[in-house]
$ cat data00.txt   # compact mmCIF, C-alpha atoms
# COMPACT_ATOMS: atom_id res chain seq x y z
CA MET A 7 4.82 22.10 2.30
CA SER A 8 7.36 19.39 1.73
CA ASP A 9 8.84 17.94 4.87
CA ALA A 10 12.56 18.29 5.41
CA SER A 11 12.80 14.57 4.75
CA ASP A 12 11.39 15.16 1.25
CA ALA A 13 14.35 17.33 0.43
CA GLY A 14 16.97 15.73 2.65
CA GLY A 15 16.86 18.77 4.90
CA PRO A 16 18.54 19.26 8.30
CA ASP A 17 16.93 18.46 11.63
CA LEU A 18 15.83 21.78 13.08
CA ALA A 19 13.51 20.36 15.71
CA ALA A 20 15.45 22.29 18.34
CA ASP A 21 14.44 25.52 16.67
CA GLY A 22 10.79 24.85 15.97
CA SER A 23 9.80 28.51 15.85
CA ALA A 24 12.36 29.40 13.20
CA ARG A 25 11.45 26.32 11.20
CA ARG A 26 7.75 27.21 11.31
CA SER A 27 8.54 30.72 10.05
CA VAL A 28 10.52 29.34 7.12
CA GLU A 29 7.75 26.85 6.33
CA ALA A 30 5.07 29.56 6.45
CA ILE A 31 7.07 31.71 4.02
CA TRP A 32 7.64 28.70 1.77
CA ARG A 33 3.93 27.93 1.66
CA ILE A 34 3.37 31.44 0.25
CA GLU A 35 6.45 31.87 -1.92
CA GLY A 36 7.24 28.30 -2.95
CA PRO A 37 4.84 28.10 -5.92
CA ARG A 38 6.17 31.35 -7.33
CA VAL A 39 9.73 30.13 -6.99
CA ILE A 40 8.90 26.82 -8.68
CA GLY A 41 7.07 28.71 -11.41
CA ALA A 42 10.12 30.86 -12.12
CA LEU A 43 12.34 27.78 -12.22
CA VAL A 44 10.04 25.90 -14.59
CA ARG A 45 10.17 28.90 -16.92
CA ILE A 46 13.97 28.68 -16.92
CA THR A 47 14.51 24.92 -16.92
CA ARG A 48 11.40 23.78 -18.85
CA ASP A 49 11.48 20.76 -16.52
CA VAL A 50 8.92 20.49 -13.70
CA ASP A 51 10.83 17.73 -11.88
CA LEU A 52 14.16 19.59 -11.96
CA ALA A 53 12.48 22.86 -10.99
CA GLU A 54 10.95 21.28 -7.89
CA GLU A 55 14.27 19.65 -6.97
CA LEU A 56 16.09 22.98 -7.23
CA ALA A 57 13.39 24.73 -5.22
CA GLN A 58 13.73 22.09 -2.50
CA ASP A 59 17.47 22.72 -2.43
CA ALA A 60 16.75 26.42 -1.91
CA LEU A 61 14.35 25.54 0.90
CA VAL A 62 17.03 23.46 2.62
CA ALA A 63 19.41 26.41 2.35
CA ALA A 64 16.77 28.66 3.93
CA LEU A 65 16.23 26.20 6.76
CA GLU A 66 19.99 26.21 7.38
CA GLN A 67 20.65 29.94 7.09
CA TRP A 68 17.56 31.95 8.00
CA PRO A 69 17.26 30.90 11.67
CA GLU A 70 20.65 32.54 12.30
CA ALA A 71 20.89 35.19 9.58
CA GLY A 72 17.23 36.26 9.66
CA VAL A 73 14.59 36.28 6.94
CA PRO A 74 15.71 38.27 3.86
CA ARG A 75 13.85 41.42 2.91
CA ASN A 76 12.54 39.66 -0.19
CA PRO A 77 12.23 35.93 0.56
CA ALA A 78 10.99 35.02 -2.93
CA ALA A 79 13.97 36.73 -4.55
CA TRP A 80 16.38 35.02 -2.15
CA LEU A 81 14.89 31.59 -2.76
CA THR A 82 14.77 32.08 -6.53
CA ALA A 83 18.34 33.35 -6.72
CA THR A 84 19.55 30.48 -4.53
CA ALA A 85 17.76 27.96 -6.71
CA LYS A 86 19.21 29.54 -9.86
CA ASN A 87 22.69 29.19 -8.40
CA ARG A 88 21.91 25.52 -7.74
CA ALA A 89 20.81 25.28 -11.40
CA VAL A 90 24.14 26.73 -12.55
CA ASP A 91 25.99 24.14 -10.46
CA HIS A 92 23.80 21.37 -11.86
CA TRP A 93 24.33 22.37 -15.46
CA ARG A 94 28.07 22.88 -15.00
CA ARG A 95 28.24 19.30 -13.79
CA GLN A 96 26.40 18.25 -16.96
CA GLU A 97 28.48 20.32 -19.39
CA ARG A 98 30.09 17.31 -20.99
CA GLN A 99 26.68 15.92 -21.92
CA GLY A 100 25.98 18.70 -24.37
CA ALA A 101 26.28 22.36 -25.20
CA LYS A 102 22.70 23.00 -24.08
CA TYR A 103 23.64 22.81 -20.41
CA ALA A 104 26.67 25.03 -20.82
CA GLU A 105 24.60 27.64 -22.64
CA LEU A 106 21.97 27.68 -19.92
CA ALA A 107 24.56 27.92 -17.18
CA HIS A 108 26.35 30.73 -18.97
CA ARG A 109 23.10 32.63 -19.40
CA LEU A 110 22.24 32.38 -15.71
CA GLU A 111 25.72 32.77 -14.24
CA GLY A 112 25.91 36.47 -14.89
CA ARG A 113 22.69 37.20 -13.02
CA PRO A 114 22.64 38.51 -9.44
CA GLY A 115 23.69 35.98 -6.83
CA VAL A 116 22.34 35.04 -3.46
CA GLY A 117 23.93 37.86 -1.52
CA GLU A 118 22.51 40.72 -3.57
CA PRO A 119 19.43 39.53 -5.46
CA ASP A 120 17.92 41.96 -7.93
CA ALA A 121 14.49 42.03 -6.27
CA GLU A 122 12.80 44.11 -8.96
CA ALA A 123 13.97 41.89 -11.80
CA LEU A 124 13.07 38.72 -9.96
CA ASP A 125 9.68 39.94 -8.81
CA GLN A 126 8.56 41.21 -12.19
CA PRO A 127 7.64 37.89 -13.82
CA LEU A 128 6.66 35.95 -10.71
CA GLN A 129 2.91 36.48 -10.94
CA ASP A 130 3.00 35.44 -14.59
CA ASP A 131 5.08 32.42 -13.60
CA LEU A 132 2.46 31.44 -11.03
CA LEU A 133 -0.30 31.61 -13.63
CA ARG A 134 1.73 29.55 -16.07
CA LEU A 135 2.42 26.96 -13.38
CA LEU A 136 -1.31 26.63 -12.68
CA PHE A 137 -2.01 25.97 -16.33
CA VAL A 138 0.79 23.39 -16.52
CA ALA A 139 -0.27 21.53 -13.36
CA CYS A 140 -3.88 21.43 -14.58
CA HIS A 141 -3.10 20.57 -18.20
CA PRO A 142 -5.82 18.40 -19.81
CA VAL A 143 -3.17 15.90 -20.95
CA LEU A 144 -3.16 14.70 -17.33
CA ALA A 145 -5.91 12.61 -15.76
CA ARG A 146 -8.02 14.34 -13.11
CA PRO A 147 -6.37 12.64 -10.10
CA ALA A 148 -2.93 13.55 -11.45
CA ARG A 149 -3.95 17.18 -11.98
CA VAL A 150 -5.28 17.39 -8.42
CA ALA A 151 -2.18 15.81 -6.87
CA LEU A 152 0.28 17.89 -8.92
CA THR A 153 -1.59 21.12 -8.19
CA LEU A 154 -1.56 20.45 -4.44
CA ARG A 155 2.12 19.57 -4.63
CA LEU A 156 3.37 22.47 -6.79
CA LEU A 157 0.85 25.21 -6.01
CA GLY A 158 -0.32 24.18 -2.56
CA GLY A 159 3.09 23.23 -1.27
CA LEU A 160 1.74 20.03 0.31
CA SER A 161 4.01 17.06 0.80
CA THR A 162 3.24 13.68 -0.71
CA GLU A 163 2.24 12.45 2.75
CA GLU A 164 -0.12 15.39 3.31
CA ILE A 165 -1.88 14.82 -0.01
CA ALA A 166 -2.15 11.10 0.71
CA ARG A 167 -3.71 11.77 4.12
CA ALA A 168 -6.18 14.21 2.61
CA PHE A 169 -7.42 11.67 0.06
CA LEU A 170 -7.01 8.55 2.24
CA VAL A 171 -4.69 6.76 -0.16
CA PRO A 172 -1.17 5.38 0.36
CA SER A 173 1.71 7.85 0.06
CA ALA A 174 3.28 5.59 -2.56
CA THR A 175 0.18 5.98 -4.72
CA ILE A 176 0.36 9.77 -4.60
CA GLY A 177 4.11 9.71 -5.19
CA GLN A 178 3.67 7.56 -8.28
CA ARG A 179 0.80 9.73 -9.48
CA ILE A 180 2.92 12.89 -9.23
CA ALA A 181 5.95 11.24 -10.84
CA ARG A 182 3.86 9.97 -13.76
CA ALA A 183 2.28 13.41 -14.18
CA LYS A 184 5.69 15.04 -14.47
CA ARG A 185 6.81 12.43 -17.01
CA THR A 186 3.62 12.90 -19.00
CA LEU A 187 4.15 16.67 -19.16
CA GLY A 188 7.71 16.12 -20.34
CA ASP A 189 6.78 13.48 -22.90
CA ALA A 190 4.00 15.69 -24.27
CA ASP A 191 6.42 18.65 -24.42
CA VAL A 192 3.81 20.84 -22.74
CA PRO A 193 4.87 24.48 -23.15
CA PHE A 194 5.28 26.56 -20.02
CA GLU A 195 3.09 29.43 -21.09
CA VAL A 196 -0.36 30.96 -20.70
CA PRO A 197 -2.53 29.34 -23.40
CA SER A 198 -3.37 31.22 -26.57
CA ARG A 199 -6.77 32.90 -26.81
CA ASP A 200 -8.34 30.05 -28.76
CA GLN A 201 -7.16 27.48 -26.17
CA PHE A 202 -7.67 29.66 -23.11
CA PRO A 203 -11.34 28.81 -22.29
CA GLU A 204 -10.75 25.05 -22.33
CA ARG A 205 -7.52 25.31 -20.37
CA LEU A 206 -9.08 27.66 -17.81
CA ASP A 207 -11.99 25.23 -17.42
CA SER A 208 -9.45 22.54 -16.52
CA VAL A 209 -7.90 24.76 -13.84
CA LEU A 210 -11.31 25.61 -12.37
CA GLU A 211 -12.32 21.95 -12.43
CA VAL A 212 -9.24 21.00 -10.39
CA LEU A 213 -9.85 23.69 -7.79
CA TYR A 214 -13.50 22.65 -7.56
CA LEU A 215 -12.56 18.98 -7.15
CA ILE A 216 -10.13 19.84 -4.35
CA TYR A 217 -12.72 22.02 -2.64
CA ASN A 218 -15.51 19.44 -2.89
CA GLU A 219 -13.36 16.67 -1.43
CA GLY A 220 -12.78 18.92 1.56
CA TYR A 221 -16.39 20.09 1.83
CA ALA A 222 -17.96 16.61 1.67
CA ALA A 223 -15.31 13.92 2.07
CA THR A 224 -16.08 10.89 -0.05
CA ALA A 225 -14.56 8.41 2.40
CA GLY A 226 -13.15 8.03 5.89
CA GLU A 227 -14.18 9.16 9.36
CA ASP A 228 -14.28 12.92 8.80
CA TRP A 229 -17.30 14.50 7.15
CA MET A 230 -15.26 17.58 6.18
CA ARG A 231 -11.58 18.28 5.60
CA PRO A 232 -11.42 22.08 5.90
CA ALA A 233 -7.72 22.27 5.03
CA LEU A 234 -8.46 21.15 1.47
CA CYS A 235 -11.23 23.73 1.19
CA GLN A 236 -8.93 26.45 2.46
CA GLU A 237 -6.23 25.50 -0.05
CA ALA A 238 -8.67 25.50 -2.97
CA LEU A 239 -10.09 28.86 -1.87
CA ARG A 240 -6.61 30.35 -1.48
CA LEU A 241 -5.65 29.25 -4.99
CA GLY A 242 -8.97 30.53 -6.32
CA ARG A 243 -8.34 33.96 -4.82
CA VAL A 244 -4.85 34.00 -6.33
CA LEU A 245 -6.25 33.05 -9.73
CA ALA A 246 -8.88 35.79 -9.51
CA GLU A 247 -6.10 38.34 -9.01
CA LEU A 248 -4.13 36.94 -11.95
CA VAL A 249 -7.06 36.92 -14.42
CA PRO A 250 -9.42 39.61 -13.06
CA ARG A 251 -11.55 39.77 -16.23
CA GLU A 252 -12.56 36.09 -16.18
CA ALA A 253 -16.14 35.90 -14.90
CA GLU A 254 -16.26 32.21 -14.00
CA VAL A 255 -13.12 32.52 -11.87
CA HIS A 256 -14.88 35.08 -9.67
CA ALA A 257 -17.97 32.87 -9.70
CA LEU A 258 -16.03 29.86 -8.41
CA VAL A 259 -14.41 32.01 -5.72
CA ALA A 260 -17.88 33.27 -4.76
CA LEU A 261 -19.17 29.71 -4.49
CA MET A 262 -16.26 28.62 -2.29
CA GLU A 263 -16.52 31.70 -0.06
CA LEU A 264 -20.26 31.19 0.47
CA GLN A 265 -19.97 27.46 1.11
CA SER A 266 -17.06 28.02 3.50
CA SER A 267 -19.13 30.48 5.53
CA ARG A 268 -21.15 27.53 6.91
CA PHE A 269 -18.27 25.49 8.30
CA ALA A 270 -18.84 26.29 11.98
CA ALA A 271 -22.51 25.28 11.74
CA ARG A 272 -22.19 22.13 9.62
CA THR A 273 -21.21 19.69 12.38
CA THR A 274 -21.85 19.10 16.07
CA ASP A 275 -19.06 19.31 18.63
CA LEU A 276 -18.55 15.58 18.02
CA GLY A 277 -18.21 16.10 14.28
CA GLU A 278 -21.64 14.72 13.33
CA PRO A 279 -23.27 16.35 10.26
CA ILE A 280 -26.01 18.96 10.64
CA LEU A 281 -28.34 19.36 7.67
CA LEU A 282 -28.53 22.79 6.06
CA VAL A 283 -32.12 23.44 7.18
CA ASP A 284 -31.16 22.63 10.79
CA GLN A 285 -28.03 24.76 11.00
CA ASP A 286 -27.70 27.66 13.44
CA ARG A 287 -27.31 30.50 10.96
CA SER A 288 -25.95 32.83 13.61
CA ARG A 289 -22.80 30.72 13.38
CA TRP A 290 -22.38 31.37 9.65
CA ASN A 291 -19.36 33.54 8.93
CA ARG A 292 -20.68 36.94 7.85
CA LEU A 293 -17.27 38.07 6.58
CA LEU A 294 -17.06 35.15 4.16
CA ILE A 295 -20.66 35.71 3.10
CA GLY A 296 -19.84 39.33 2.33
CA ARG A 297 -16.77 38.32 0.34
CA GLY A 298 -18.77 35.69 -1.51
CA LEU A 299 -21.56 38.07 -2.45
CA ALA A 300 -19.02 40.65 -3.61
CA ALA A 301 -17.25 38.05 -5.77
CA LEU A 302 -20.61 36.97 -7.22
CA ALA A 303 -21.43 40.59 -8.04
CA ARG A 304 -18.11 40.90 -9.89
CA ALA A 305 -18.82 37.70 -11.80
CA GLU A 306 -22.30 38.83 -12.80
CA ALA A 307 -21.00 42.25 -13.83
CA LEU A 308 -18.66 40.41 -16.21
CA GLY A 309 -21.58 38.46 -17.64
CA ALA A 310 -21.11 35.15 -15.81
CA ARG A 311 -23.85 32.59 -16.38
CA GLY A 312 -21.82 29.40 -16.33
CA PRO A 313 -22.02 26.47 -13.90
CA TYR A 314 -20.06 28.10 -11.10
CA ALA A 315 -22.07 31.32 -11.35
CA LEU A 316 -25.34 29.39 -11.13
CA GLN A 317 -24.12 27.38 -8.14
CA ALA A 318 -22.88 30.55 -6.46
CA ALA A 319 -26.29 32.16 -7.04
CA ILE A 320 -27.90 29.16 -5.33
CA ALA A 321 -25.50 29.45 -2.39
CA ALA A 322 -26.30 33.17 -2.23
CA CYS A 323 -30.02 32.38 -1.84
CA HIS A 324 -29.19 30.39 1.27
CA ALA A 325 -26.76 33.03 2.56
CA ARG A 326 -29.32 35.82 2.21
CA ALA A 327 -32.05 33.93 4.09
CA PRO A 328 -31.93 34.80 7.81
CA ARG A 329 -33.94 31.66 8.63
CA ALA A 330 -34.32 28.35 6.83
CA GLU A 331 -38.05 28.90 6.35
CA SER A 332 -37.44 32.18 4.52
CA THR A 333 -35.26 30.52 1.85
CA ASP A 334 -36.41 31.28 -1.71
CA TRP A 335 -36.73 27.65 -2.77
CA ARG A 336 -38.58 28.48 -5.98
CA ARG A 337 -35.67 30.56 -7.19
CA ILE A 338 -33.24 27.82 -6.14
CA ALA A 339 -35.28 25.22 -8.05
CA ALA A 340 -35.28 27.48 -11.11
CA LEU A 341 -31.51 27.98 -10.89
CA TYR A 342 -30.99 24.23 -10.60
CA GLY A 343 -33.22 23.79 -13.64
CA GLU A 344 -31.04 26.17 -15.62
CA LEU A 345 -27.93 24.41 -14.38
CA ALA A 346 -29.34 20.98 -15.25
CA GLU A 347 -30.24 22.12 -18.75
CA ALA A 348 -26.73 23.45 -19.30
CA SER A 349 -24.86 20.50 -17.79
CA GLY A 350 -27.12 17.53 -18.44
CA SER A 351 -25.94 16.17 -15.09
CA PRO A 352 -28.23 13.76 -13.22
CA VAL A 353 -26.62 14.86 -9.96
CA VAL A 354 -27.84 18.39 -10.64
CA GLU A 355 -31.29 16.98 -11.39
CA LEU A 356 -31.23 15.26 -8.01
CA ASN A 357 -30.40 18.57 -6.34
CA ARG A 358 -33.21 20.21 -8.29
CA ALA A 359 -35.58 17.56 -6.95
CA VAL A 360 -34.59 18.48 -3.38
CA ALA A 361 -35.31 22.15 -4.12
CA VAL A 362 -38.64 21.22 -5.73
CA SER A 363 -39.57 19.24 -2.62
CA MET A 364 -39.08 22.37 -0.53
CA ALA A 365 -40.88 24.64 -2.99
CA GLU A 366 -43.77 22.40 -4.12
CA GLY A 367 -43.81 19.45 -1.75
CA PRO A 368 -42.40 15.90 -1.63
CA GLU A 369 -44.86 14.35 -4.09
CA ALA A 370 -43.72 16.51 -7.01
CA ALA A 371 -40.09 15.84 -6.09
CA LEU A 372 -40.60 12.08 -5.83
CA ARG A 373 -41.74 11.95 -9.44
CA LEU A 374 -38.46 13.56 -10.47
CA VAL A 375 -36.41 11.20 -8.30
CA ASP A 376 -38.22 8.13 -9.57
CA GLY A 377 -37.37 9.27 -13.08
CA LEU A 378 -33.70 9.34 -12.10
CA VAL A 379 -33.99 5.86 -10.60
CA ALA A 380 -35.53 4.56 -13.82
CA GLY A 381 -32.82 6.24 -15.89
CA GLY A 382 -30.10 4.32 -14.06
CA ALA A 383 -27.41 6.99 -14.41
CA LEU A 384 -27.10 7.35 -10.62
CA ALA A 385 -27.09 3.65 -9.76
CA GLY A 386 -24.65 3.21 -6.89
CA TYR A 387 -24.80 6.90 -5.92
CA ALA A 388 -25.61 7.05 -2.20
CA LEU A 389 -27.43 10.37 -2.30
CA LEU A 390 -30.13 9.03 -4.60
CA PRO A 391 -31.68 6.56 -2.11
CA SER A 392 -30.97 9.04 0.69
CA VAL A 393 -33.08 11.74 -1.00
CA ARG A 394 -35.74 9.22 -1.95
CA GLY A 395 -35.89 8.00 1.65
CA ASP A 396 -36.40 11.53 2.92
CA LEU A 397 -39.24 12.14 0.46
CA LEU A 398 -40.94 8.84 1.35
CA ALA A 399 -40.68 9.62 5.05
CA ARG A 400 -42.32 13.00 4.49
CA LEU A 401 -45.09 11.29 2.52
CA GLY A 402 -45.84 8.94 5.41
CA ARG A 403 -44.33 5.80 3.88
CA PRO A 404 -41.89 4.79 6.66
CA ALA A 405 -41.14 1.19 5.65
CA GLU A 406 -40.11 2.21 2.15
CA ALA A 407 -38.14 5.15 3.56
CA ARG A 408 -36.27 2.86 5.96
CA ALA A 409 -35.24 0.56 3.10
CA GLU A 410 -33.92 3.54 1.12
CA PHE A 411 -31.86 4.87 4.05
CA GLU A 412 -30.38 1.40 4.61
CA ARG A 413 -29.48 1.16 0.93
CA ALA A 414 -27.85 4.60 1.05
CA ALA A 415 -25.84 3.54 4.13
CA GLU A 416 -24.55 0.51 2.21
CA LEU A 417 -23.42 2.68 -0.69
CA THR A 418 -21.65 5.50 1.14
CA LEU A 419 -17.92 5.30 1.89
CA ASN A 420 -18.03 8.04 4.53
CA GLU A 421 -18.42 6.68 8.06
CA ARG A 422 -20.16 9.78 9.41
CA ASP A 423 -22.71 9.69 6.61
CA ARG A 424 -23.27 5.97 7.19
CA ARG A 425 -24.06 6.50 10.87
CA VAL A 426 -26.48 9.33 10.12
CA LEU A 427 -28.30 7.25 7.50
CA LEU A 428 -28.58 4.22 9.78
CA ASP A 429 -29.88 6.44 12.60
CA ARG A 430 -32.59 7.73 10.26
CA ALA A 431 -33.45 4.19 9.20
CA ASN A 432 -33.62 2.99 12.80
CA ALA A 433 -35.87 5.90 13.75
CA LEU A 434 -38.40 4.52 11.28
CA GLY A 435 -38.06 0.93 12.48
CA SER A 436 -41.18 0.82 14.65
CA HIS A 437 -43.43 1.79 11.75
CA GLY A 438 -45.23 -0.78 9.65
CA PRO A 439 -45.61 -0.66 5.85

$ encode --input "data00.txt" --output "structure tokens"
Amino acid sequence: MSDASDAGGPDLAADGSARRSVEAIWRIEGPRVIGALVRITRDVDLAEELAQDALVAALEQWPEAGVPRNPAAWLTATAKNRAVDHWRRQERQGAKYAELAHRLEGRPGVGEPDAEALDQPLQDDLLRLLFVACHPVLARPARVALTLRLLGGLSTEEIARAFLVPSATIGQRIARAKRTLGDADVPFEVPSRDQFPERLDSVLEVLYLIYNEGYAATAGEDWMRPALCQEALRLGRVLAELVPREAEVHALVALMELQSSRFAARTTDLGEPILLVDQDRSRWNRLLIGRGLAALARAEALGARGPYALQAAIAACHARAPRAESTDWRRIAALYGELAEASGSPVVELNRAVAVSMAEGPEAALRLVDGLVAGGALAGYALLPSVRGDLLARLGRPAEARAEFERAAELTLNERDRRVLLDRANALGSHGP
């Protein structure tokens, strides 16, 4: 959620409890309010500014007056009143502003919001806002930042911390994204049927990118950033409610639920990574596994066989295995093969090689990995020498394995990964060629 400083808000440090309550409500209701305002103003930047004004009003009034029965209606009505004031000030610049102000002025005010009328379009507004924030006209980093800002309610500083970049960079990225949407005259609407698949793919891609950065941080000290995963999963669940007949949406939710179930077992108390085969499966979250399997069943019932469905099916194989040694690696290898054929991704091929090593042995997998090395598509990708090092170690070739782990350590930007790789290299140091 945006800090009070983002919106010029009052200092309510003396009433931390009330402030936290307002912020918690904003995190839930803010995206819906912004969505309603974008529908009215057709201007993402103005809509966010008006919503921030409404938030400031809530921070000022709710601690004393109490939380309204319908917070979203209160916030939306307050923001609309701010919009009327804004347009009245701009009346001399053109009849457009006067017409908009006149149209809104007769609607219910802050004191007595028409909850039913305000609530009716809010879910649709939220869906439209997702499609706007994830519009393909924006570059991937811009889509991610704008989605976290508008739909996740994160401040510029929070997004910057999550991705380990300067706040100014994120601020500029968001500002450029808003300008790009305006310049492209992107309509605030759910895409037509012929555009819907491509546009939905863009939304799913953004949620997946956010989730993956949290699940396996590309840089920095932390191996995981669970808050990003939680935000992506929350938005995925919301999207699944908004478009319940879309199979791949349920598949992505299933994948995120199943992956999230392992969080407690993925690191030591000191935050060091624990490989999947070494994890204590009694620490896996059975509730999330159940939710993930249910979401996968819904996806499959709708005919899902896309990339997220295949990845969720792989995650389900792990979730269903009570012990690492009972994992159905042959099925996982087959699923990766299907995924690789559909995607053409060398990263998927690398994952398939890992599964093959577990199902058929390291020698068969090494042939696949060496093919990837020769192809050159994964040059500079740290996981390639890491996997190759593991296979060489299992084949009794320690000197070669050590060199691969050292190369992987040089390539990774994540400090935790680097330490693990160097530890594995050092453990092989006493062996000759």

$ residues_around --input "data00.txt" --residues "A:Ala388" --least-positions-apart "2" --cutoff "12 Å" --atoms "all atoms listed in the file" --output "number ranges by chain"
A: 224, 353, 356, 379, 384-386, 390-395, 410-420, 423-424, 427

$ residues_around --input "data00.txt" --residues "A:Phe194" --least-positions-apart "3" --cutoff "7 Å" --atoms "only C-alpha atoms" --output "PDB file with C-alpha atoms, in the frame of the given file"
ATOM      1  CA  ARG A  45      10.170  28.900 -16.920  1.00  0.00           C
ATOM      2  CA  ARG A  48      11.400  23.780 -18.850  1.00  0.00           C
ATOM      3  CA  ARG A 134       1.730  29.550 -16.070  1.00  0.00           C
ATOM      4  CA  VAL A 138       0.790  23.390 -16.520  1.00  0.00           C
TER       5      VAL A 138
END

$ residues_around --input "data00.txt" --residues "A:Leu261" --least-positions-apart "5" --cutoff "9 Å" --atoms "only C-alpha atoms" --output "compact mmCIF listing (two decimals) with C-alpha atoms, in the frame of the given file"
# COMPACT_ATOMS: atom_id res chain seq x y z
CA HIS A 256 -14.88 35.08 -9.67
CA SER A 266 -17.06 28.02 3.50
CA GLY A 298 -18.77 35.69 -1.51
CA LEU A 299 -21.56 38.07 -2.45
CA ALA A 301 -17.25 38.05 -5.77
CA LEU A 302 -20.61 36.97 -7.22
CA TYR A 314 -20.06 28.10 -11.10
CA ALA A 315 -22.07 31.32 -11.35
CA GLN A 317 -24.12 27.38 -8.14
CA ALA A 318 -22.88 30.55 -6.46
CA ALA A 319 -26.29 32.16 -7.04
CA ILE A 320 -27.90 29.16 -5.33
CA ALA A 321 -25.50 29.45 -2.39
CA ALA A 322 -26.30 33.17 -2.23

$ atom_distance --input "data00.txt" --atom1 "atom CA of A:Leu434" --atom2 "atom CA of A:Ala405"
7.1 Å

$ closest_residue --input "data00.txt" --among "A:Arg25, A:Arg422, A:Arg33, A:Arg373" --to "A:Ile280" --atoms "only C-alpha atoms"
A:Arg422

$ atom_distance --input "data00.txt" --atom1 "atom CA of A:Ala145" --atom2 "atom CA of A:Asp191"
16.2 Å

$ residues_around --input "data00.txt" --residues "A:Thr175" --least-positions-apart "3" --cutoff "12 Å" --atoms "only C-alpha atoms" --output "VMD selection string"
chain A and resid 147 to 148 151 162 to 163 165 to 167 169 to 172 178 to 182

$ atom_distance --input "data00.txt" --atom1 "atom CA of A:Glu211" --atom2 "atom CA of A:His324"
23.3 Å

$ residues_around --input "data00.txt" --residues "A:Ile295" --least-positions-apart "5" --cutoff "7 Å" --atoms "all atoms listed in the file" --output "number ranges by chain"
A: 263-264, 267, 325

$ write_last_selection --input "data00.txt" --atoms "C-alpha atoms" --output "PDB file, in the coordinates of the input"
ATOM      1  CA  GLU A 263     -16.520  31.700  -0.060  1.00  0.00           C
ATOM      2  CA  LEU A 264     -20.260  31.190   0.470  1.00  0.00           C
ATOM      3  CA  SER A 267     -19.130  30.480   5.530  1.00  0.00           C
ATOM      4  CA  ALA A 325     -26.760  33.030   2.560  1.00  0.00           C
TER       5      ALA A 325
END

$ closest_atom_pairs --input "data00.txt" --of "stretch 170-251 of chain A" --to "stretch 304-311 of chain A" --cutoff "12 Å" --atoms "only C-alpha atoms" --output "JSON lines"
{"residue": "A:Ala246", "atom": "CA", "partner": "A:Ala305", "partner_atom": "CA", "distance": 10.4}
{"residue": "A:Pro250", "atom": "CA", "partner": "A:Arg304", "partner_atom": "CA", "distance": 9.3}
{"residue": "A:Arg251", "atom": "CA", "partner": "A:Leu308", "partner_atom": "CA", "distance": 7.1}
